[in-house]
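Source file: data_5.cif; contents: mmCIF, C-alpha atoms.
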data_coords
#
loop_
_atom_site.label_atom_id
_atom_site.label_comp_id
_atom_site.auth_asym_id
_atom_site.auth_seq_id
_atom_site.Cartn_x
_atom_site.Cartn_y
_atom_site.Cartn_z
CA GLY V 1 25.17 -16.41 -65.10
CA VAL V 2 28.87 -16.61 -64.33
CA PRO V 3 30.40 -14.24 -61.75
CA THR V 4 32.66 -11.67 -63.41
CA TYR V 5 35.43 -9.85 -61.59
CA THR V 6 35.48 -6.11 -62.05
CA VAL V 7 37.13 -3.16 -60.28
CA ASP V 8 39.15 -3.91 -57.14
CA ARG V 9 38.35 -7.66 -57.35
CA MET V 10 34.62 -7.12 -56.81
CA ARG V 11 32.39 -9.66 -58.54
CA ILE V 12 29.12 -9.14 -60.35
CA LEU V 13 26.59 -11.91 -61.01
CA PRO V 14 23.48 -11.16 -63.10
CA VAL V 15 20.67 -13.70 -63.39
CA GLY V 16 18.35 -13.83 -66.39
CA ASN V 17 20.31 -11.80 -68.93
CA ASN V 18 23.61 -10.08 -69.55
CA ILE V 19 24.16 -6.58 -68.21
CA SER V 20 26.42 -3.66 -68.98
CA VAL V 21 29.05 -2.64 -66.42
CA GLN V 22 31.26 0.41 -66.76
CA ARG V 23 33.36 2.82 -64.78
CA ILE V 24 31.90 6.32 -64.72
CA ALA V 25 33.15 9.64 -63.41
CA GLY V 26 32.35 10.39 -59.80
CA THR V 27 31.39 13.68 -58.24
CA GLY V 28 33.20 15.99 -55.83
CA ASP V 29 36.31 14.31 -54.45
CA VAL V 30 35.20 10.87 -55.70
CA ARG V 31 37.08 10.15 -58.90
CA ASN V 32 35.13 7.14 -60.22
CA ARG V 33 32.15 4.92 -59.49
CA LEU V 34 30.79 1.69 -60.98
CA GLN V 35 27.60 1.77 -63.03
CA ILE V 36 25.52 -1.35 -63.71
CA SER V 37 22.88 -1.00 -66.42
CA GLY V 38 19.87 -3.29 -66.24
CA ALA V 39 18.39 -5.28 -69.13
CA ALA V 40 15.10 -6.96 -69.96
CA GLY V 41 14.81 -10.35 -68.32
CA VAL V 42 17.23 -9.65 -65.47
CA SER V 43 15.75 -11.16 -62.31
CA SER V 44 18.56 -10.24 -59.94
CA ILE V 45 22.08 -8.81 -59.75
CA SER V 46 24.57 -9.57 -56.99
CA PHE V 47 27.70 -7.59 -56.24
CA ASP V 48 30.13 -9.09 -53.75
CA TYR V 49 33.56 -8.85 -52.20
CA SER V 50 35.43 -11.72 -50.51
CA ILE V 51 37.99 -11.45 -47.72
CA GLU V 52 40.49 -14.27 -47.37
CA ALA V 53 40.93 -16.17 -44.10
CA ALA V 54 44.29 -14.58 -43.29
CA ASP V 55 42.60 -11.17 -43.09
CA ALA V 56 39.15 -12.25 -41.90
CA ALA V 57 40.56 -13.86 -38.74
CA SER V 58 41.22 -10.40 -37.30
CA LEU V 59 37.50 -9.56 -37.61
CA VAL V 60 36.30 -12.39 -35.33
CA GLY V 61 34.51 -11.15 -32.22
CA HIS V 62 34.28 -7.58 -33.48
CA THR V 63 31.50 -5.40 -34.83
CA VAL V 64 32.22 -4.83 -38.50
CA THR V 65 30.81 -1.87 -40.41
CA VAL V 66 30.41 -1.61 -44.16
CA SER V 67 29.88 1.73 -45.90
CA VAL V 68 29.14 2.26 -49.59
CA ASP V 69 27.83 4.88 -52.01
CA ILE V 70 24.65 3.71 -53.79
CA SER V 71 21.98 5.02 -56.13
CA ASN V 72 19.40 3.21 -58.24
CA SER V 73 17.27 4.90 -60.86
CA VAL V 74 14.38 2.38 -60.75
CA LEU V 75 14.63 0.18 -57.63
CA SER V 76 14.26 1.31 -54.01
CA THR V 77 15.75 -1.62 -52.09
CA VAL V 78 19.24 -3.12 -51.95
CA ALA V 79 19.63 -6.26 -49.85
CA TRP V 80 22.90 -7.00 -48.06
CA TYR V 81 24.35 -10.27 -46.81
CA ALA V 82 27.40 -11.18 -44.74
CA ASN V 83 28.42 -14.83 -45.12
CA SER V 84 31.27 -16.94 -43.79
CA ALA V 85 33.04 -19.57 -45.86
CA ASP V 86 32.38 -23.12 -44.63
CA LEU V 87 36.01 -24.04 -45.34
CA PRO V 88 39.08 -21.76 -45.25
CA ASP V 89 39.18 -19.62 -48.40
CA ASN V 90 36.55 -21.81 -50.08
CA PHE V 91 33.31 -19.97 -50.80
CA SER V 92 31.62 -22.78 -52.73
CA ALA V 93 29.50 -23.23 -49.57
CA VAL V 94 28.78 -20.40 -47.14
CA THR V 95 26.82 -19.81 -43.94
CA SER V 96 24.83 -16.70 -43.19
CA VAL V 97 26.24 -14.40 -40.52
CA ALA V 98 23.82 -11.48 -40.94
CA SER V 99 21.58 -9.84 -43.52
CA GLY V 100 19.41 -6.80 -44.01
CA SER V 101 18.27 -4.23 -46.54
CA LEU V 102 18.87 -0.61 -47.47
CA ALA V 103 16.20 1.81 -48.71
CA VAL V 104 17.90 3.62 -51.60
CA THR V 105 16.97 6.42 -53.99
CA PHE V 106 18.03 7.74 -57.39
CA SER V 107 20.46 10.16 -55.70
CA ILE V 108 23.91 8.89 -54.77
CA THR V 109 23.98 8.52 -50.99
CA ARG V 110 26.35 6.89 -48.51
CA TYR V 111 24.83 3.96 -46.61
CA THR V 112 26.16 1.86 -43.75
CA PHE V 113 25.34 -1.47 -42.11
CA SER V 114 27.02 -3.52 -39.40
CA PHE V 115 27.31 -7.12 -38.23
CA THR V 116 29.25 -9.09 -35.65
CA ALA V 117 31.87 -11.42 -37.09
CA ASN V 118 31.49 -14.82 -35.41
CA ALA V 119 34.08 -17.59 -35.09
CA ALA V 120 33.16 -19.06 -38.48
CA CYS V 121 34.32 -15.83 -40.12
CA ALA V 122 37.90 -16.98 -39.56
CA ASN V 123 37.40 -19.11 -42.71
CA GLY V 124 36.76 -16.00 -44.79
CA VAL V 125 34.00 -13.41 -45.18
CA ARG V 126 31.95 -12.49 -48.23
CA VAL V 127 29.82 -9.32 -48.27
CA THR V 128 27.12 -9.22 -50.95
CA LEU V 129 24.87 -6.41 -52.18
CA SER V 130 21.90 -7.52 -54.27
CA VAL V 131 18.96 -6.08 -56.17
CA GLY V 132 15.94 -7.77 -57.75
CA ALA V 133 14.58 -7.35 -61.25
CA GLN V 134 16.80 -4.60 -62.66
CA ALA V 135 15.13 -4.75 -66.08
CA SER V 136 16.12 -1.17 -66.90
CA GLY V 137 17.81 1.84 -65.39
CA THR V 138 21.13 1.97 -63.59
CA TRP V 139 22.57 0.84 -60.28
CA ILE V 140 25.60 2.89 -59.22
CA LEU V 141 28.05 1.91 -56.47
CA GLY V 142 31.27 3.36 -55.15
CA ASN V 143 33.73 3.69 -52.28
CA LEU V 144 32.91 0.35 -50.65
CA GLN V 145 34.73 0.06 -47.31
CA LEU V 146 34.72 -2.57 -44.55
CA GLU V 147 36.27 -1.85 -41.16
CA ILE V 148 36.23 -2.92 -37.53
CA GLY V 149 34.00 -0.76 -35.36
CA SER V 150 30.37 0.26 -35.10
CA VAL V 151 30.84 3.65 -36.78
CA ALA V 152 31.88 4.18 -40.40
CA THR V 153 34.91 6.41 -40.87
CA PRO V 154 35.65 8.51 -43.99
CA PHE V 155 36.61 6.46 -47.03
CA GLU V 156 40.34 5.75 -47.11
CA VAL V 157 41.93 6.85 -50.37
CA ARG V 158 45.06 4.81 -51.13
CA PRO V 159 47.69 5.30 -53.87
CA VAL V 160 46.95 3.53 -57.15
CA SER V 161 50.20 1.57 -56.74
CA THR V 162 48.95 0.19 -53.42
CA GLU V 163 45.58 -0.81 -54.87
CA LEU V 164 47.29 -2.52 -57.80
CA ALA V 165 49.58 -4.54 -55.51
CA LEU V 166 46.64 -5.61 -53.35
CA CYS V 167 44.77 -6.83 -56.43
CA GLN V 168 47.84 -8.60 -57.84
CA ARG V 169 47.89 -10.88 -54.80
CA TYR V 170 44.86 -12.51 -56.46
CA PHE V 171 45.34 -11.90 -60.18
CA GLU V 172 48.21 -10.88 -62.42
CA LYS V 173 48.84 -10.78 -66.15
CA SER V 174 51.88 -10.43 -68.38
CA PHE V 175 49.96 -8.07 -70.67
CA SER V 176 50.60 -4.38 -70.20
CA GLN V 177 48.03 -2.88 -67.84
CA PRO V 178 45.89 -1.17 -70.51
CA SER V 179 45.81 -4.32 -72.69
CA PRO V 180 42.85 -6.72 -72.40
CA VAL V 181 43.47 -10.37 -71.56
CA ILE V 182 42.70 -11.82 -74.98
CA ALA V 183 44.49 -14.04 -77.45
CA GLY V 184 46.22 -12.18 -80.24
CA ALA V 185 46.52 -8.95 -78.27
CA GLY V 186 50.01 -8.39 -79.61
CA ASP V 187 52.70 -6.95 -77.35
CA TRP V 188 55.02 -9.73 -78.56
CA ARG V 189 57.89 -10.71 -76.28
CA PRO V 190 60.33 -13.64 -76.16
CA LEU V 191 60.00 -15.79 -73.03
CA VAL V 192 62.96 -18.14 -73.52
CA MET V 193 65.51 -19.05 -76.16
CA LEU V 194 66.68 -22.63 -76.74
CA PRO V 195 69.38 -23.92 -79.07
CA TYR V 196 68.57 -25.86 -82.20
CA GLY V 197 68.94 -29.62 -82.34
CA GLY V 198 66.86 -30.75 -79.27
CA PRO V 199 64.91 -32.25 -77.81
CA TYR V 200 65.32 -29.89 -74.90
CA MET V 201 63.49 -29.00 -71.75
CA ALA V 202 63.79 -25.61 -70.13
CA ALA V 203 62.44 -24.16 -66.91
CA PHE V 204 62.11 -20.40 -66.83
CA GLY V 205 59.75 -17.69 -65.78
CA THR V 206 58.93 -14.14 -64.87
CA PRO V 207 58.73 -13.50 -61.10
CA PHE V 208 55.32 -12.30 -60.04
CA ALA V 209 55.05 -8.68 -59.01
CA VAL V 210 53.32 -9.82 -55.81
CA THR V 211 53.33 -13.19 -54.05
CA LYS V 212 50.02 -14.89 -54.73
CA ARG V 213 47.54 -15.86 -52.02
CA THR V 214 47.94 -19.51 -53.02
CA ALA V 215 49.20 -21.51 -55.99
CA PRO V 216 47.50 -19.71 -58.89
CA THR V 217 45.81 -21.14 -61.94
CA MET V 218 48.11 -20.29 -64.84
CA THR V 219 46.67 -19.73 -68.31
CA ALA V 220 48.67 -19.35 -71.51
CA SER V 221 47.70 -16.84 -74.16
CA PRO V 222 49.35 -16.24 -77.55
CA ALA V 223 50.52 -12.82 -78.65
CA LEU V 224 50.54 -13.55 -82.38
CA ASN V 225 47.26 -15.39 -83.09
CA THR V 226 43.92 -16.19 -81.47
CA ASN V 227 44.46 -19.84 -80.50
CA ALA V 228 43.69 -19.46 -76.80
CA GLY V 229 45.69 -21.58 -74.38
CA THR V 230 48.82 -21.71 -76.51
CA TRP V 231 52.17 -20.05 -76.87
CA GLN V 232 54.24 -19.95 -80.06
CA GLN V 233 57.63 -21.43 -80.78
CA TYR V 234 59.82 -20.33 -83.68
CA ASN V 235 60.50 -23.53 -85.58
CA GLY V 236 62.03 -23.83 -89.04
CA GLY V 237 61.46 -20.20 -89.93
CA VAL V 238 57.77 -20.12 -88.90
CA TRP V 239 55.81 -19.67 -85.67
CA VAL V 240 53.91 -22.77 -84.58
CA ASP V 241 51.60 -23.34 -81.61
CA PHE V 242 52.40 -25.44 -78.58
CA TYR V 243 51.07 -25.92 -75.06
CA PRO V 244 53.37 -24.99 -72.17
CA ALA V 245 53.64 -27.09 -69.02
CA PHE V 246 53.45 -24.90 -65.94
CA ILE V 247 55.70 -26.12 -63.16
CA THR V 248 55.52 -23.82 -60.13
CA SER V 249 53.26 -21.18 -58.69
CA ASP V 250 55.83 -18.41 -58.40
CA GLY V 251 56.25 -17.45 -62.02
CA ALA V 252 58.22 -20.42 -63.35
CA TRP V 253 57.15 -22.89 -66.01
CA GLY V 254 58.64 -25.28 -68.53
CA VAL V 255 58.65 -26.11 -72.21
CA THR V 256 59.84 -29.10 -74.18
CA GLY V 257 60.52 -29.42 -77.87
CA SER V 258 63.12 -29.77 -80.54
CA SER V 259 64.81 -27.60 -83.15
CA TYR V 260 63.39 -24.30 -82.08
CA SER V 261 65.03 -21.27 -80.58
CA ILE V 262 62.42 -18.78 -79.37
CA VAL V 263 59.26 -19.19 -77.29
CA SER V 264 56.77 -16.33 -77.10
CA GLY V 265 53.45 -15.77 -75.36
CA HIS V 266 51.49 -14.26 -72.48
CA TRP V 267 50.07 -15.62 -69.24
CA THR V 268 47.58 -14.88 -66.51
CA ALA V 269 47.83 -16.08 -62.92
CA SER V 270 44.60 -16.31 -60.90
CA ALA V 271 44.43 -17.02 -57.17
CA GLU V 272 40.96 -15.55 -56.72
CA LEU V 273 38.65 -16.67 -53.93
#

Take the structure from the file and write it as structure tokens.
Amino acid sequence: GVPTYTVDRMRILPVGNNISVQRIAGTGDVRNRLQISGAAGVSSISFDYSIEAADAASLVGHTVTVSVDISNSVLSTVAWYANSADLPDNFSAVTSVASGSLAVTFSITRYTFSFTANAACANGVRVTLSVGAQASGTWILGNLQLEIGSVATPFEVRPVSTELALCQRYFEKSFSQPSPVIAGAGDWRPLVMLPYGGPYMAAFGTPFAVTKRTAPTMTASPALNTNAGTWQQYNGGVWVDFYPAFITSDGAWGVTGSSYSIVSGHWTASAEL
């Protein structure tokens, strides 16, 4: 399977079959949790969170404690792994720092585990929770927290605006927040206007809401049709597709063409680990 990012930049990787993932209502003072529904043929499911080198460096030499709410309606064991990136901010190869397992039940319960962050953790840390053959039932998680120290403290509740800004360091979209990142989603908007009679080249852009961790991968998406990877230009009274040339990593890009006046489209910017 392919890892899929979900709430708060956490990734889910099923092996053997697709699964269903949804946000569900929490209980008490917990507003929401994440529910993963198993499926026939699923041999394992991994759930992980990566910490970039700039933040992970402060963990080196310290005991680090992870706390998380978990329940599972059919399985009784959740394995956990703490890995360091072999190269700064590059998790294509990792080295084990520590691992263990949690005995879980069908009732939502808060669990904790700890490890010591070694020097290699300065390259970045990835914490993974994993279950085996979740062929049915549900795996629920919530309130994942990592902190320095040997004792877990109460979960820190931060404003939604803060959480959004933290996530936008790694991913941002021009779509309105409730809109999915798909071609033809509508929400039409002009990006640049050029005079008739070209050819012309224009550099323009929309400043990112948050500076990205690194130069992001920019992807174009049309507002008016489903031809993924394109924008539209208004040419001769009709909208036609074209492919933009992205120039910089800070929200600026360029277009070239002739005899058109309006360019429209959407974009996503990914600097995920």

Could you pull out every residue with an atom within 12 Å of (28.3, -13.5, -44.7), file coordinates, counting only C-alpha atoms, and send them as a ChimeraX atom specification?
/V:48-51,56,64,80-86,91,93-100,114-129

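For Val151 of chain V, the residues within 12 Å (counting all atoms listed in the file, excluding itself and residues fewer than 3 positions away along the chain) are Thr63, Val64, Thr65, Val66, Ser67, Tyr111, Thr112, Phe113, Ser114, Phe115, Gln145, Leu146, Glu147, Ile148 and Pro154 of chain V.
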
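Put simply, atom CA of Gly16 of chain V is 28.5 Å away from atom CA of Arg110 of chain V.
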
Distance query segment 2-9 of chain V at most 10 Å, all atoms listed in the file, self and fewer than 6 positions along chain excluded, as a PyMOL selection string
chain V and resi 15+18+21-23+33-34+46-50+144+163-164+166-168+170-171+272-273

Residue nearest Gly38 of chain V among V:Val104, V:Ile24, V:Val157, V:Ile19 (counting only C-alpha atoms)
V:Ile19

Which of these residues is nearest to Ala40 of chain V, using all atoms listed in the file: V:Ser161, V:Ser136, V:Gln177, V:Ser150?
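Smallest distance to Ala40 of chain V is found for V:Ser136.
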
So what does the PyMOL selection byres ((chain V and resi 26) around 12) actually pick up in this one, as a ChimeraX atom specification?
/V:23-25,27-35,69-70,108,140-143

Suppose a student applies the PyMOL selection byres ((chain V and resi 242) around 6) to this structure; what residues should they get, written as a VMD selection string?
chain V and resid 230 to 232 241 243

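Comparing the minimum interatomic distances between Ala269 of chain V and each of V:Asn227, V:Gln134, V:Asn17, V:Thr214, counting all atoms listed in the file, we find that V:Thr214 sits nearest.
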
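Take the candidates V:Ser20, V:Ser221, V:Ser73, V:Thr153 and check each one against Val42 of chain V using all atoms listed in the file; the shortest distance goes to V:Ser20.
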
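Across V:Ser107, V:Ser130, V:Gly61, V:Ser37, the tightest approach to Ala79 of chain V is made by V:Ser130 when counting only C-alpha atoms.
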
d(atom CA of Ser270 of chain V, atom CA of Val160 of chain V) in Å
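Separation between atom CA of Ser270 of chain V and atom CA of Val160 of chain V: 20.3 Å.
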